[in-house]
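Engineer: Next comes work37.txt, compact mmCIF, C-alpha atoms:
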```
# COMPACT_ATOMS: atom_id res chain seq x y z
CA MET A 71 138.57 102.68 106.10
CA LYS A 72 139.98 105.01 103.54
CA PHE A 73 137.42 107.02 101.55
CA ILE A 74 134.78 106.16 104.16
CA ASP A 75 135.74 107.06 107.73
CA GLU A 76 136.82 110.61 106.97
CA TYR A 77 133.40 111.26 105.44
CA ARG A 78 131.61 110.29 108.63
CA GLU A 79 133.56 112.52 111.00
CA GLY A 80 131.37 114.39 113.50
CA ASP A 81 133.38 117.63 113.69
CA THR A 82 133.39 117.99 109.92
CA ILE A 83 129.63 117.46 109.81
CA ALA A 84 129.11 120.04 112.58
CA ARG A 85 131.15 122.63 110.66
CA LEU A 86 129.11 122.00 107.53
CA ARG A 87 125.92 122.30 109.60
CA ASP A 88 127.07 125.72 110.86
CA ALA A 89 127.99 126.84 107.35
CA ILE A 90 124.55 125.81 106.05
CA ALA A 91 122.83 127.67 108.91
CA ALA A 92 124.92 130.78 108.19
CA THR A 93 124.08 130.64 104.46
CA ALA A 94 120.32 130.01 104.50
CA THR A 95 118.17 133.12 104.88
CA ARG A 96 114.92 131.73 103.44
CA PRO A 97 113.06 128.40 103.34
CA TRP A 98 114.07 126.05 100.54
CA VAL A 99 112.90 122.61 99.45
CA MET A 100 115.60 120.28 98.13
CA MET A 101 115.26 116.72 96.88
CA GLU A 102 117.91 114.04 97.20
CA VAL A 103 117.34 111.83 94.18
CA CYS A 104 118.83 108.50 95.29
CA GLY A 105 117.41 106.00 97.72
CA GLY A 106 120.93 105.45 99.05
CA GLN A 107 121.14 109.14 99.89
CA THR A 108 117.72 109.03 101.56
CA HIS A 109 118.85 106.08 103.65
CA SER A 110 122.03 107.91 104.76
CA ILE A 111 120.17 111.14 105.56
CA VAL A 112 117.61 109.38 107.74
CA ARG A 113 120.13 106.99 109.29
CA TYR A 114 122.48 109.80 110.37
CA GLY A 115 119.65 112.26 111.10
CA LEU A 116 121.15 114.85 108.76
CA ASP A 117 117.79 116.45 108.00
CA GLU A 118 117.42 117.14 111.72
CA LEU A 119 120.68 119.12 111.69
CA LEU A 120 119.30 121.62 109.19
CA PRO A 121 117.91 124.99 110.24
CA ALA A 122 114.13 125.41 110.30
CA GLY A 123 112.90 126.15 106.81
CA LEU A 124 115.34 123.92 104.95
CA GLU A 125 113.44 120.84 103.90
CA LEU A 126 114.67 117.65 102.28
CA VAL A 127 112.14 115.67 100.29
CA HIS A 128 112.95 112.18 99.11
CA GLY A 129 113.24 111.26 95.46
CA PRO A 130 112.33 108.27 93.32
CA GLY A 131 115.87 106.84 93.14
CA CYS A 132 115.16 103.39 94.55
CA PRO A 133 114.88 100.87 91.71
CA VAL A 134 113.45 98.15 93.94
CA CYS A 135 110.71 100.55 95.07
CA VAL A 136 109.67 101.69 91.60
CA THR A 137 109.58 98.22 90.01
CA PRO A 138 105.88 97.75 89.19
CA LEU A 139 103.92 95.11 91.07
CA GLN A 140 103.05 93.54 87.73
CA THR A 141 106.73 93.07 86.86
CA ILE A 142 107.30 91.47 90.27
CA ASP A 143 104.36 89.12 89.73
CA ARG A 144 105.67 88.17 86.27
CA ALA A 145 109.11 87.52 87.74
CA HIS A 146 107.60 85.34 90.44
CA ALA A 147 105.63 83.37 87.83
CA ILE A 148 108.88 82.66 85.99
CA ALA A 149 110.77 81.84 89.22
CA ALA A 150 108.09 79.28 90.14
CA ARG A 151 108.58 77.25 86.93
CA PRO A 152 110.21 73.85 87.22
CA GLY A 153 113.72 73.82 85.79
CA VAL A 154 114.28 77.53 86.41
CA MET A 155 117.09 78.73 88.64
CA PHE A 156 116.06 82.28 89.52
CA CYS A 157 118.83 84.74 90.45
CA SER A 158 118.19 88.06 92.10
CA PHE A 159 119.97 90.79 94.05
CA GLY A 160 119.20 90.44 97.76
CA ASP A 161 117.14 93.66 97.84
CA MET A 162 114.39 92.05 95.76
CA LEU A 163 113.88 88.93 97.93
CA ARG A 164 111.42 90.37 100.41
CA VAL A 165 109.46 92.56 98.02
CA PRO A 166 105.94 91.12 98.07
CA GLY A 167 104.10 90.37 94.88
CA SER A 168 100.39 89.64 94.83
CA ASN A 169 101.10 86.17 96.28
CA GLY A 170 104.07 86.40 98.60
CA ASP A 171 107.74 87.17 97.97
CA LEU A 172 110.73 85.31 96.49
CA LEU A 173 111.59 83.84 99.89
CA SER A 174 108.15 82.29 100.24
CA LEU A 175 108.45 80.95 96.68
CA ARG A 176 111.72 79.34 97.70
CA ALA A 177 110.03 77.84 100.75
CA ARG A 178 107.49 76.29 98.37
CA GLY A 179 110.28 74.66 96.37
CA ALA A 180 111.37 77.21 93.77
CA ASP A 181 115.11 77.46 93.16
CA VAL A 182 115.75 81.10 94.08
CA ARG A 183 119.39 82.22 94.44
CA VAL A 184 120.76 85.48 95.79
CA VAL A 185 123.61 86.85 93.75
CA TYR A 186 126.02 89.64 94.66
CA SER A 187 126.90 90.30 91.03
CA PRO A 188 125.22 89.49 87.69
CA LEU A 189 128.42 87.61 86.82
CA ASP A 190 127.58 85.16 89.62
CA ALA A 191 124.34 84.35 87.77
CA LEU A 192 126.32 83.88 84.57
CA GLU A 193 128.66 81.49 86.36
CA LEU A 194 125.68 79.45 87.56
CA ALA A 195 124.44 79.23 83.95
CA ALA A 196 127.84 77.91 82.83
CA LYS A 197 127.91 75.38 85.68
CA HIS A 198 124.34 74.15 85.14
CA PRO A 199 123.73 73.85 81.40
CA GLU A 200 120.67 71.66 82.08
CA ARG A 201 118.93 74.48 83.97
CA GLU A 202 117.34 77.71 82.78
CA VAL A 203 119.08 80.47 84.72
CA VAL A 204 116.99 83.65 84.88
CA PHE A 205 118.45 86.86 86.25
CA PHE A 206 116.22 89.68 87.52
CA ALA A 207 118.01 92.67 85.95
CA ILE A 208 116.75 95.75 87.73
CA GLY A 209 118.52 98.99 88.54
CA PHE A 210 119.38 102.49 87.45
CA GLU A 211 122.21 103.60 85.18
CA THR A 212 124.66 102.54 87.93
CA THR A 213 123.76 98.87 87.57
CA ALA A 214 123.24 98.88 83.79
CA PRO A 215 126.92 98.26 82.87
CA ALA A 216 127.12 95.17 85.11
CA ASN A 217 123.86 93.76 83.79
CA ALA A 218 124.83 94.58 80.21
CA MET A 219 128.16 92.80 80.72
CA ALA A 220 126.46 89.62 81.95
CA ILE A 221 124.13 89.58 78.93
CA ALA A 222 126.92 90.41 76.46
CA LEU A 223 129.11 87.65 77.91
CA ALA A 224 126.22 85.15 77.80
CA LYS A 225 125.91 85.85 74.09
CA ARG A 226 129.66 85.75 73.46
CA ARG A 227 130.07 82.49 75.39
CA GLY A 228 126.99 80.88 73.86
CA LEU A 229 125.22 80.41 77.20
CA ALA A 230 121.76 79.86 75.71
CA ASN A 231 120.36 78.90 79.13
CA PHE A 232 120.95 82.39 80.53
CA SER A 233 118.22 84.99 80.25
CA ALA A 234 117.24 88.19 82.03
CA ILE A 235 114.05 89.97 83.05
CA VAL A 236 115.11 93.51 82.21
CA SER A 237 113.37 96.25 84.18
CA HIS A 238 115.89 99.08 84.04
CA VAL A 239 115.01 102.66 84.82
CA LEU A 240 116.67 105.99 84.03
CA VAL A 241 116.95 108.96 86.39
CA PRO A 242 116.70 112.14 84.25
CA PRO A 243 113.20 111.42 82.84
CA ALA A 244 111.91 110.90 86.40
CA MET A 245 113.48 114.21 87.53
CA THR A 246 111.89 115.91 84.53
CA SER A 247 108.51 114.47 85.41
CA ILE A 248 108.87 115.79 88.99
CA LEU A 249 109.87 119.24 87.70
CA GLU A 250 106.98 119.39 85.27
CA ALA A 251 104.30 118.34 87.78
CA PRO A 252 101.83 121.17 88.39
CA GLU A 253 102.22 120.89 92.17
CA ARG A 254 106.04 120.92 92.05
CA ARG A 255 107.70 121.80 95.35
CA VAL A 256 111.32 120.90 94.61
CA GLN A 257 113.64 123.91 94.17
CA GLY A 258 117.01 122.17 94.08
CA PHE A 259 118.41 118.66 93.62
CA LEU A 260 121.14 116.63 95.24
CA GLY A 261 121.88 114.58 92.13
CA PRO A 262 122.69 110.87 91.90
CA GLY A 263 126.43 110.44 92.47
CA HIS A 264 126.83 106.82 91.44
CA VAL A 265 124.59 107.11 88.40
CA CYS A 266 126.85 109.93 87.21
CA THR A 267 130.04 107.88 87.61
CA VAL A 268 128.64 105.86 84.70
CA VAL A 269 126.73 108.32 82.50
CA GLY A 270 128.52 111.57 83.30
CA THR A 271 126.86 114.89 83.96
CA ALA A 272 125.71 116.30 80.58
CA ALA A 273 122.04 115.35 81.05
CA TYR A 274 122.04 117.00 84.48
CA ALA A 275 123.61 120.23 83.19
CA GLU A 276 120.85 120.32 80.61
CA LEU A 277 118.19 119.70 83.25
CA ALA A 278 119.57 122.49 85.45
CA ALA A 279 119.57 124.95 82.54
CA ARG A 280 116.20 123.98 81.06
CA HIS A 281 114.29 124.04 84.35
CA ARG A 282 116.32 126.75 86.11
CA VAL A 283 117.07 124.45 89.03
CA PRO A 284 120.36 123.85 90.87
CA VAL A 285 121.64 120.27 90.55
CA VAL A 286 124.52 119.25 92.81
CA ILE A 287 125.83 115.77 91.99
CA THR A 288 126.41 114.43 95.50
CA GLY A 289 127.97 111.42 97.22
CA PHE A 290 126.43 109.17 99.84
CA GLU A 291 128.39 109.69 103.04
CA PRO A 292 127.24 112.21 105.68
CA VAL A 293 129.98 114.74 104.83
CA ASP A 294 129.13 114.44 101.12
CA LEU A 295 125.44 115.03 101.76
CA MET A 296 125.98 118.02 104.06
CA ASP A 297 128.46 119.48 101.55
CA GLY A 298 125.92 118.90 98.76
CA ILE A 299 123.20 120.66 100.77
CA LEU A 300 125.54 123.61 101.46
CA ARG A 301 126.36 123.97 97.76
CA CYS A 302 122.71 123.71 96.80
CA VAL A 303 121.65 126.34 99.37
CA ARG A 304 124.41 128.67 98.17
CA GLN A 305 123.10 128.42 94.63
CA LEU A 306 119.49 128.97 95.72
CA GLU A 307 120.42 131.98 97.84
CA ALA A 308 122.43 133.50 94.99
CA GLY A 309 119.70 132.83 92.43
CA ARG A 310 121.98 130.48 90.47
CA ALA A 311 120.75 127.30 88.78
CA GLU A 312 123.80 125.33 87.69
CA LEU A 313 125.24 121.88 87.58
CA GLU A 314 127.82 121.42 90.32
CA ILE A 315 129.75 118.27 91.18
CA GLN A 316 130.31 117.65 94.88
CA TYR A 317 131.31 113.98 94.35
CA THR A 318 134.44 114.85 92.37
CA ARG A 319 136.47 111.95 93.73
CA ALA A 320 134.34 109.53 91.70
CA VAL A 321 132.47 111.48 89.01
CA ARG A 322 134.01 112.67 85.74
CA THR A 323 132.06 114.96 83.41
CA GLU A 324 132.05 112.35 80.65
CA GLY A 325 131.27 109.44 82.99
CA ASN A 326 132.75 106.03 82.28
CA LEU A 327 133.10 105.78 78.50
CA PRO A 328 133.71 102.00 78.16
CA ALA A 329 130.75 101.33 80.46
CA ARG A 330 128.51 103.70 78.51
CA ALA A 331 129.49 102.05 75.23
CA LEU A 332 128.61 98.59 76.53
CA VAL A 333 125.24 99.73 77.91
CA ASP A 334 124.48 101.31 74.55
CA GLU A 335 125.43 98.13 72.72
CA VAL A 336 123.11 95.91 74.78
CA PHE A 337 120.19 98.19 75.75
CA GLU A 338 117.97 100.77 74.10
CA PRO A 339 115.65 103.34 75.73
CA CYS A 340 111.95 102.51 76.08
CA ASP A 341 108.86 103.76 77.89
CA ARG A 342 108.68 102.34 81.40
CA ALA A 343 106.05 102.13 84.14
CA TRP A 344 107.25 103.27 87.58
CA ARG A 345 105.47 101.99 90.65
CA GLY A 346 103.81 104.98 92.32
CA LEU A 347 104.52 107.32 89.40
CA GLY A 348 102.98 105.63 86.36
CA THR A 349 104.46 105.39 82.89
CA ILE A 350 107.20 107.89 82.05
CA PRO A 351 108.20 108.15 78.37
CA MET A 352 111.68 106.91 77.48
CA SER A 353 112.52 106.30 81.14
CA GLY A 354 113.66 102.70 80.88
CA LEU A 355 116.08 100.39 79.10
CA GLN A 356 115.20 97.21 77.22
CA LEU A 357 117.31 94.66 75.37
CA ARG A 358 118.26 95.50 71.81
CA GLU A 359 117.13 93.12 69.06
CA ALA A 360 120.57 91.46 68.86
CA PHE A 361 120.26 90.33 72.50
CA ARG A 362 116.57 89.38 72.60
CA ALA A 363 117.47 85.67 72.64
CA HIS A 364 118.38 86.33 76.28
CA ASP A 365 115.08 88.03 77.13
CA ALA A 366 113.35 85.91 79.80
CA GLU A 367 109.96 87.51 79.17
CA THR A 368 109.85 86.26 75.59
CA ARG A 369 111.38 82.93 76.48
CA PHE A 370 108.82 82.22 79.20
CA ALA A 371 105.43 83.42 78.07
CA VAL A 372 103.60 84.62 81.19
CA GLU A 373 99.89 85.18 80.87
CA ALA A 374 98.58 88.64 81.66
CA ILE A 375 98.47 89.27 85.40
CA ALA A 376 96.05 91.82 86.82
CA THR A 377 97.38 93.65 89.85
CA ARG A 378 95.86 96.19 92.19
CA GLU A 379 97.72 98.71 94.32
CA SER A 380 96.39 99.71 97.73
CA PRO A 381 94.17 102.79 97.39
CA ARG A 382 95.50 103.99 100.77
CA CYS A 383 99.15 104.21 99.67
CA ILE A 384 100.46 107.74 98.95
CA SER A 385 103.88 106.65 97.68
CA GLY A 386 103.32 108.45 94.36
CA ARG A 387 103.12 111.77 96.21
CA ILE A 388 106.12 110.89 98.37
CA LEU A 389 108.25 109.97 95.33
CA GLN A 390 107.50 113.39 93.83
CA GLY A 391 108.41 115.26 97.00
CA LEU A 392 104.79 116.31 97.62
CA ALA A 393 104.36 114.38 100.87
CA LYS A 394 106.45 112.84 103.66
CA PRO A 395 106.05 109.30 105.02
CA CYS A 396 104.63 110.68 108.28
CA ASP A 397 101.82 112.38 106.31
CA CYS A 398 100.38 108.96 105.47
CA PRO A 399 97.65 107.64 107.79
CA ALA A 400 98.77 104.09 106.98
CA PHE A 401 102.45 104.70 107.91
CA GLY A 402 103.52 102.31 110.68
CA ALA A 403 100.08 100.67 110.88
CA PRO A 404 99.13 98.78 108.85
CA CYS A 405 101.98 99.66 106.42
CA THR A 406 105.38 98.38 107.57
CA PRO A 407 108.45 96.89 105.84
CA ASP A 408 107.07 93.42 106.66
CA SER A 409 103.71 94.16 105.05
CA PRO A 410 104.23 97.14 102.76
CA LEU A 411 101.31 98.74 100.95
CA GLY A 412 103.39 100.35 98.25
CA ALA A 413 106.60 101.50 96.60
CA THR A 414 108.31 103.56 99.31
CA MET A 415 107.98 100.87 102.00
CA VAL A 416 109.25 97.84 100.04
CA SER A 417 113.00 98.50 100.23
CA SER A 418 115.18 99.98 102.97
CA GLU A 419 116.10 102.71 100.48
CA GLY A 420 112.48 103.78 100.17
CA ALA A 421 111.65 106.87 102.21
CA CYS A 422 108.89 105.16 104.23
CA ALA A 423 111.02 102.15 105.12
CA ALA A 424 113.95 104.39 106.11
CA TYR A 425 111.66 106.47 108.36
CA PHE A 426 110.21 103.31 109.88
CA LEU A 427 113.61 101.68 110.38
CA TYR A 428 115.14 104.70 112.13
CA GLY A 429 112.16 105.43 114.35
CA ARG A 430 110.71 108.55 112.78
CA LYS A 431 107.27 109.00 114.25
CA ARG A 432 104.16 110.38 112.70
CA ALA A 433 103.84 114.12 113.37
CA SER A 434 101.21 114.62 116.08
CA MET B 352 120.57 99.67 95.46
CA CYS B 353 123.10 102.00 93.83
CA LEU B 354 125.49 101.15 96.65
CA GLY B 355 129.10 101.90 95.77
CA VAL B 356 131.86 100.72 98.06
CA PRO B 357 135.45 102.01 97.86
CA GLY B 358 138.18 99.37 97.83
CA ARG B 359 141.89 99.04 97.03
CA VAL B 360 142.93 97.01 94.00
CA VAL B 361 145.18 94.12 95.08
CA ASP B 362 145.89 92.50 91.72
CA VAL B 363 144.70 92.41 88.13
CA SER B 364 144.11 89.31 86.01
CA ASP B 365 142.54 88.16 82.76
CA GLU B 366 139.68 85.66 82.96
CA ASP B 367 138.32 84.43 79.64
CA GLY B 368 139.11 87.76 78.02
CA VAL B 369 137.60 89.84 80.85
CA ARG B 370 139.74 92.11 83.02
CA MET B 371 139.17 91.02 86.62
CA GLY B 372 141.02 91.57 89.89
CA ARG B 373 140.91 91.24 93.63
CA VAL B 374 139.82 94.33 95.55
CA ASP B 375 140.34 94.79 99.27
CA PHE B 376 137.48 96.31 101.28
CA GLY B 377 138.97 97.05 104.70
CA GLY B 378 140.45 93.58 105.06
CA VAL B 379 137.97 91.55 103.02
CA ALA B 380 139.05 90.80 99.45
CA ARG B 381 136.57 90.11 96.65
CA LYS B 382 136.84 89.38 92.98
CA VAL B 383 135.74 92.39 90.97
CA CYS B 384 135.33 93.09 87.25
CA LEU B 385 137.81 95.80 86.24
CA GLU B 386 136.86 95.85 82.56
CA HIS B 387 135.56 99.42 82.79
CA VAL B 388 138.58 100.88 84.58
CA PRO B 389 141.22 99.86 82.00
CA ASP B 390 144.02 102.01 83.43
CA VAL B 391 143.74 101.00 87.09
CA VAL B 392 146.82 99.46 88.75
CA PRO B 393 147.23 97.62 92.07
CA GLY B 394 147.29 100.02 95.02
CA GLU B 395 144.74 102.39 93.52
CA TYR B 396 141.19 102.74 94.87
CA VAL B 397 138.06 102.00 92.88
CA LEU B 398 134.36 102.42 93.54
CA VAL B 399 132.66 99.01 93.31
CA HIS B 400 128.98 98.30 92.62
CA VAL B 401 127.54 94.75 92.27
CA GLY B 402 131.01 93.36 91.61
CA PHE B 403 131.95 95.97 89.00
CA ALA B 404 134.41 98.83 89.38
CA LEU B 405 132.61 101.95 88.16
CA SER B 406 135.40 104.49 88.51
CA LYS B 407 138.82 105.12 89.93
CA LEU B 408 138.77 107.24 93.09
CA ASP B 409 140.82 110.40 92.76
CA GLU B 410 142.88 111.12 95.89
CA LEU B 411 143.50 114.76 95.03
CA GLU B 412 139.82 115.37 94.49
CA ALA B 413 138.99 113.46 97.66
CA ARG B 414 141.15 115.86 99.63
CA ARG B 415 139.54 118.93 98.08
CA VAL B 416 136.36 118.66 100.15
CA PHE B 417 138.45 118.98 103.28
CA ASP B 418 140.61 121.80 101.84
CA LEU B 419 137.43 123.76 101.16
CA LEU B 420 136.35 123.16 104.72
CA GLU B 421 139.67 124.52 105.94
CA GLU B 422 139.01 127.69 103.97
CA LEU B 423 135.56 127.85 105.49
CA GLY B 424 137.10 127.65 108.97
CA GLN B 425 139.65 130.39 108.22
CA LEU B 426 136.97 132.69 106.87
CA GLU B 427 134.94 132.20 110.02
CA ASP B 428 138.01 132.94 112.14
CA VAL B 429 138.58 136.32 110.54
CA GLY B 430 134.88 137.10 110.45
CA PRO B 431 133.06 139.35 112.94
```
Could you take the file, read its structure, and then write that structure out as structure tokens?
Structural biologist:
Amino acid sequence: MKFIDEYREGDTIARLRDAIAATATRPWVMMEVCGGQTHSIVRYGLDELLPAGLELVHGPGCPVCVTPLQTIDRAHAIAARPGVMFCSFGDMLRVPGSNGDLLSLRARGADVRVVYSPLDALELAAKHPEREVVFFAIGFETTAPANAMAIALAKRRGLANFSAIVSHVLVPPAMTSILEAPERRVQGFLGPGHVCTVVGTAAYAELAARHRVPVVITGFEPVDLMDGILRCVRQLEAGRAELEIQYTRAVRTEGNLPARALVDEVFEPCDRAWRGLGTIPMSGLQLREAFRAHDAETRFAVEAIATRESPRCISGRILQGLAKPCDCPAFGAPCTPDSPLGATMVSSEGACAAYFLYGRKRAS
Amino acid sequence: MCLGVPGRVVDVSDEDGVRMGRVDFGGVARKVCLEHVPDVVPGEYVLVHVGFALSKLDELEARRVFDLLEELGQLEDVGP
């Protein structure tokens, strides 16, 4: 397929591997920000192609992973209500709350639907005016325009039975928090390619300058990732700390202006709790006042739910690039994708789940 | 989650005031919202995420990665 196959070509990857090996003279630690990038790197074994000393650590860019357990429990409480038709992206179905996941709720009689697009949820609301359709709106900047569109259209079309649980997160504040951590290991970033197609690159240029760290906005295919690593290593070796765009076929400096305008119309920044990382100031999006009529959490009052994370889980350290999945004594037993203990095991884009899925063993 | 899949725009239509269209992903066509790529025309490629086209894919830029690799190869050839 065009724009895919040529980016998975073995010879091209081998040439990039050789170029990286010829460029690196010292050890460097780089972080790929996105869960999708982590998944590709582990799936294709790209980290194993790198010379000794070049280390990839895995970033917090998996929205399913970082959605707090409490938010999941609140969503499940709403999904379990009679009369509610609960719509979610497929990724969220198997994420366990304190009492099972969305699939087990469905087995107990809840009306849980998987949607491919937020507009599918909107269509269900139009088709079933007698039902309360609730959409679980999670995601990074990449997903915000789609979710904003569904909410804006619900308002425009007067679909009063459509509401959303909004748990949006933003990438740059999380990168800042990683850079400002006292134990910081990360020396360069492979930046989030799809996020930047929407928001553009200004925030990342600022991050690179302020923290003196190379940021290479990178795609998701093996050739993209190897090219991104090469560019990042070149910067590190030369002592440069700049914004560079590897994913030029999709990313424009200004991002997608109509999409940005819509996101800004519907959402406003807010403090947000990240599973594994805690609360990061101004790292989330919430509905603006004008759209609060479509806020599921005000529409369905859910009583306070106390949650407890496993004390054994080290996902907070993994999300900051301070540890690898194999460093965790619980990795593989008892913690698996079927019974995850924490953030990085709950979605296939989490570092632990990717390691588990592709057979990475614990270091002996 | 931030999965973006490249596809070729087959046609463009207006549905209730929203710019929509069919996009072909290697033989499978899906309805996609094209509201945020106002200048796209059939035949062009877009990057699609949860049913929304996020950006138009730039063929010239797409080729650049491979041009740079060519240069890399030539440099190695003349190297020691």
Engineer: Counting all atoms listed in the file, which residues of chain B sit at most 9 Å from some atom of stretch 281-302 of chain A, and what is each one's closest atom pair with its distance in Å to one decimal, listed by chain and rising residue number, as a tab-separated table?
Structural biologist:
```
residue	atom	partner	partner_atom	distance
B:Leu354	CA	A:Phe290	CA	8.7
B:Gly355	CA	A:Phe290	CA	8.7
B:Val416	CA	A:Asp297	CA	8.1
```
Engineer: Between chain A and chain B, at 8 Å or less, what are the per-residue closest atom pairs and their distances in Å? Count all atoms listed in the file, order by chain and rising residue number, and return it as CSV.
Structural biologist:
```
residue,atom,partner,partner_atom,distance
A:Met71,CA,B:Gly377,CA,5.8
A:Lys72,CA,B:Pro357,CA,7.9
A:Phe73,CA,B:Pro357,CA,6.5
A:Ile74,CA,B:Pro357,CA,7.6
A:Thr82,CA,B:Leu420,CA,7.9
A:Arg85,CA,B:Leu420,CA,7.9
A:Leu86,CA,B:Leu420,CA,7.9
A:Ala89,CA,B:Leu423,CA,7.9
A:Cys104,CA,B:Cys353,CA,7.9
A:Gly105,CA,B:Met352,CA,7.4
A:Gly106,CA,B:Cys353,CA,6.6
A:Cys132,CA,B:Met352,CA,6.6
A:Pro133,CA,B:Met352,CA,6.9
A:Val134,CA,B:Met352,CA,7.4
A:Asp161,CA,B:Met352,CA,7.3
A:Tyr186,CA,B:Val401,CA,5.8
A:Ser187,CA,B:Val401,CA,4.7
A:Pro188,CA,B:Val401,CA,7.4
A:Leu189,CA,B:Gly402,CA,7.9
A:Gly209,CA,B:Met352,CA,7.2
A:Phe210,CA,B:Cys353,CA,7.4
A:Thr212,CA,B:Cys353,CA,6.1
A:Thr213,CA,B:Cys353,CA,7.0
A:Ala216,CA,B:Phe403,CA,6.3
A:His264,CA,B:Cys353,CA,6.5
A:Val265,CA,B:Cys353,CA,7.6
A:Thr267,CA,B:Ser406,CA,6.4
A:Val268,CA,B:Leu405,CA,6.6
A:Thr318,CA,B:Glu412,CA,5.8
A:Arg319,CA,B:Asp409,CA,4.7
A:Ala320,CA,B:Leu408,CA,5.2
A:Val321,CA,B:Ser406,CA,7.6
A:Asn326,CA,B:Ser406,CA,6.9
A:Pro328,CA,B:His387,CA,5.6
A:Ala329,CA,B:His387,CA,5.7
A:Glu419,CA,B:Met352,CA,7.4
```
Engineer: Given the choices A:Gly346, A:Pro215, A:Gly386, A:Gly402, which gets closest to A:Gly325 if the distance is worked out from all atoms listed in the file?
Structural biologist: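 Smallest separation from A:Gly325 among the options: A:Pro215.
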Engineer: Find the residues near A:Leu411: any atom within 8 Å, counting all atoms listed in the file, skip ones fewer than 4 places away on the same chain, and give them as a VMD selection string.
Structural biologist: chain A and resid 379 to 380 382 to 383 405 to 406 415
Engineer: What is the atom CA of A:Ile142-atom CA of A:Val372 distance in Å, reported with one decimal?
Structural biologist: 12.0 Å
Engineer: For a cut-off of 8 Å around (125.6, 114.3, 83.3), file coordinates, pick out all residues using only C-alpha atoms and list them as a PyMOL selection string.
Structural biologist: chain A and resi 266+269-275+323-325
Engineer: Could you check the closest approach to A:His198 for each of A:Arg178, A:Gly170, A:Gln257, A:Ala230 and tell me which residue wins, using all atoms listed in the file?
Structural biologist: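 Among the listed residues, the smallest separation from A:His198 belongs to A:Ala230.
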Engineer: Find the residue from A:Ala376, A:Leu124, A:Leu240, A:Cys396 that sits nearest to A:Ala423; use all atoms listed in the file when measuring.
Structural biologist: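 Of the candidates, the smallest distance to A:Ala423 is held by A:Cys396.
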Engineer: So how many Å separate atom CA of A:Gly354 and atom CA of A:Pro339, to one decimal?
Structural biologist: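 Distance between the two atoms: 5.6 Å.
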Engineer: I'd like the neighbourhood of B:Pro393 as a list in words, where a residue qualifies if any of its atoms comes within 10 Å (using all atoms listed in the file), though same-chain residues fewer than 6 positions away should be ignored.
Structural biologist: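 Selected residues are Arg359, Val360, Val361, Asp362, Val363, Gly372, Arg373 and Val374 of chain B.
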Engineer: Have a look at atom CA of A:Ala84 and atom CA of A:Glu118 and let me know their distance in Å, one decimal.
Structural biologist: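 Value for the atom CA of A:Ala84-atom CA of A:Glu118 distance: 12.1 Å.
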Engineer: With all atoms listed in the file as the basis for distance, which of A:Ala92, A:Met162, A:Leu249, A:Ile235 is at the shortest distance from A:Ala371?
Structural biologist: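 Looking at the shortest contact to A:Ala371, the residue is A:Ile235.
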Engineer: Which one of A:Met100, A:Leu357, A:Arg183, A:Leu223 sits closest to B:Gly368 if you count only C-alpha atoms?
Structural biologist: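 Ranked by minimum distance to B:Gly368, first place goes to A:Leu223.
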Engineer: Would you kindly identify which residues have an atom no farther than 12 Å from (112.2, 71.6, 84.7), using all atoms listed in the file and the file's own coordinates, and write them out as a list in words?
Structural biologist: Ile148, Ala149, Ala150, Arg151, Pro152, Gly153, Val154, Met155, Ala180, Asp181, Glu200, Arg201, Glu202 and Val203 of chain A
Engineer: Name the closest residue to A:Ala278 among the candidates A:Ser158, A:Thr349, A:Ser385, A:Thr246; distances are taken between atoms, counting all atoms listed in the file.
Structural biologist: A:Thr246
Engineer: Using only the atoms of stretch 371-383 of chain B listed in the file, plus 8 Å on each side, state the axis-aligned box centre and edge lengths in Å rounded to one decimal, as JSON.
Structural biologist:
```
{"center_x": 138.4, "center_y": 93.2, "center_z": 95.8, "size_x": 21.3, "size_y": 23.7, "size_z": 34.4}
```
Engineer: Just want the 7 Å neighbourhood of A:Val185, counted on only C-alpha atoms, with same-chain residues fewer than 6 positions away dropped. Output as a PyMOL selection string.
Structural biologist: chain A and resi 157-160+191
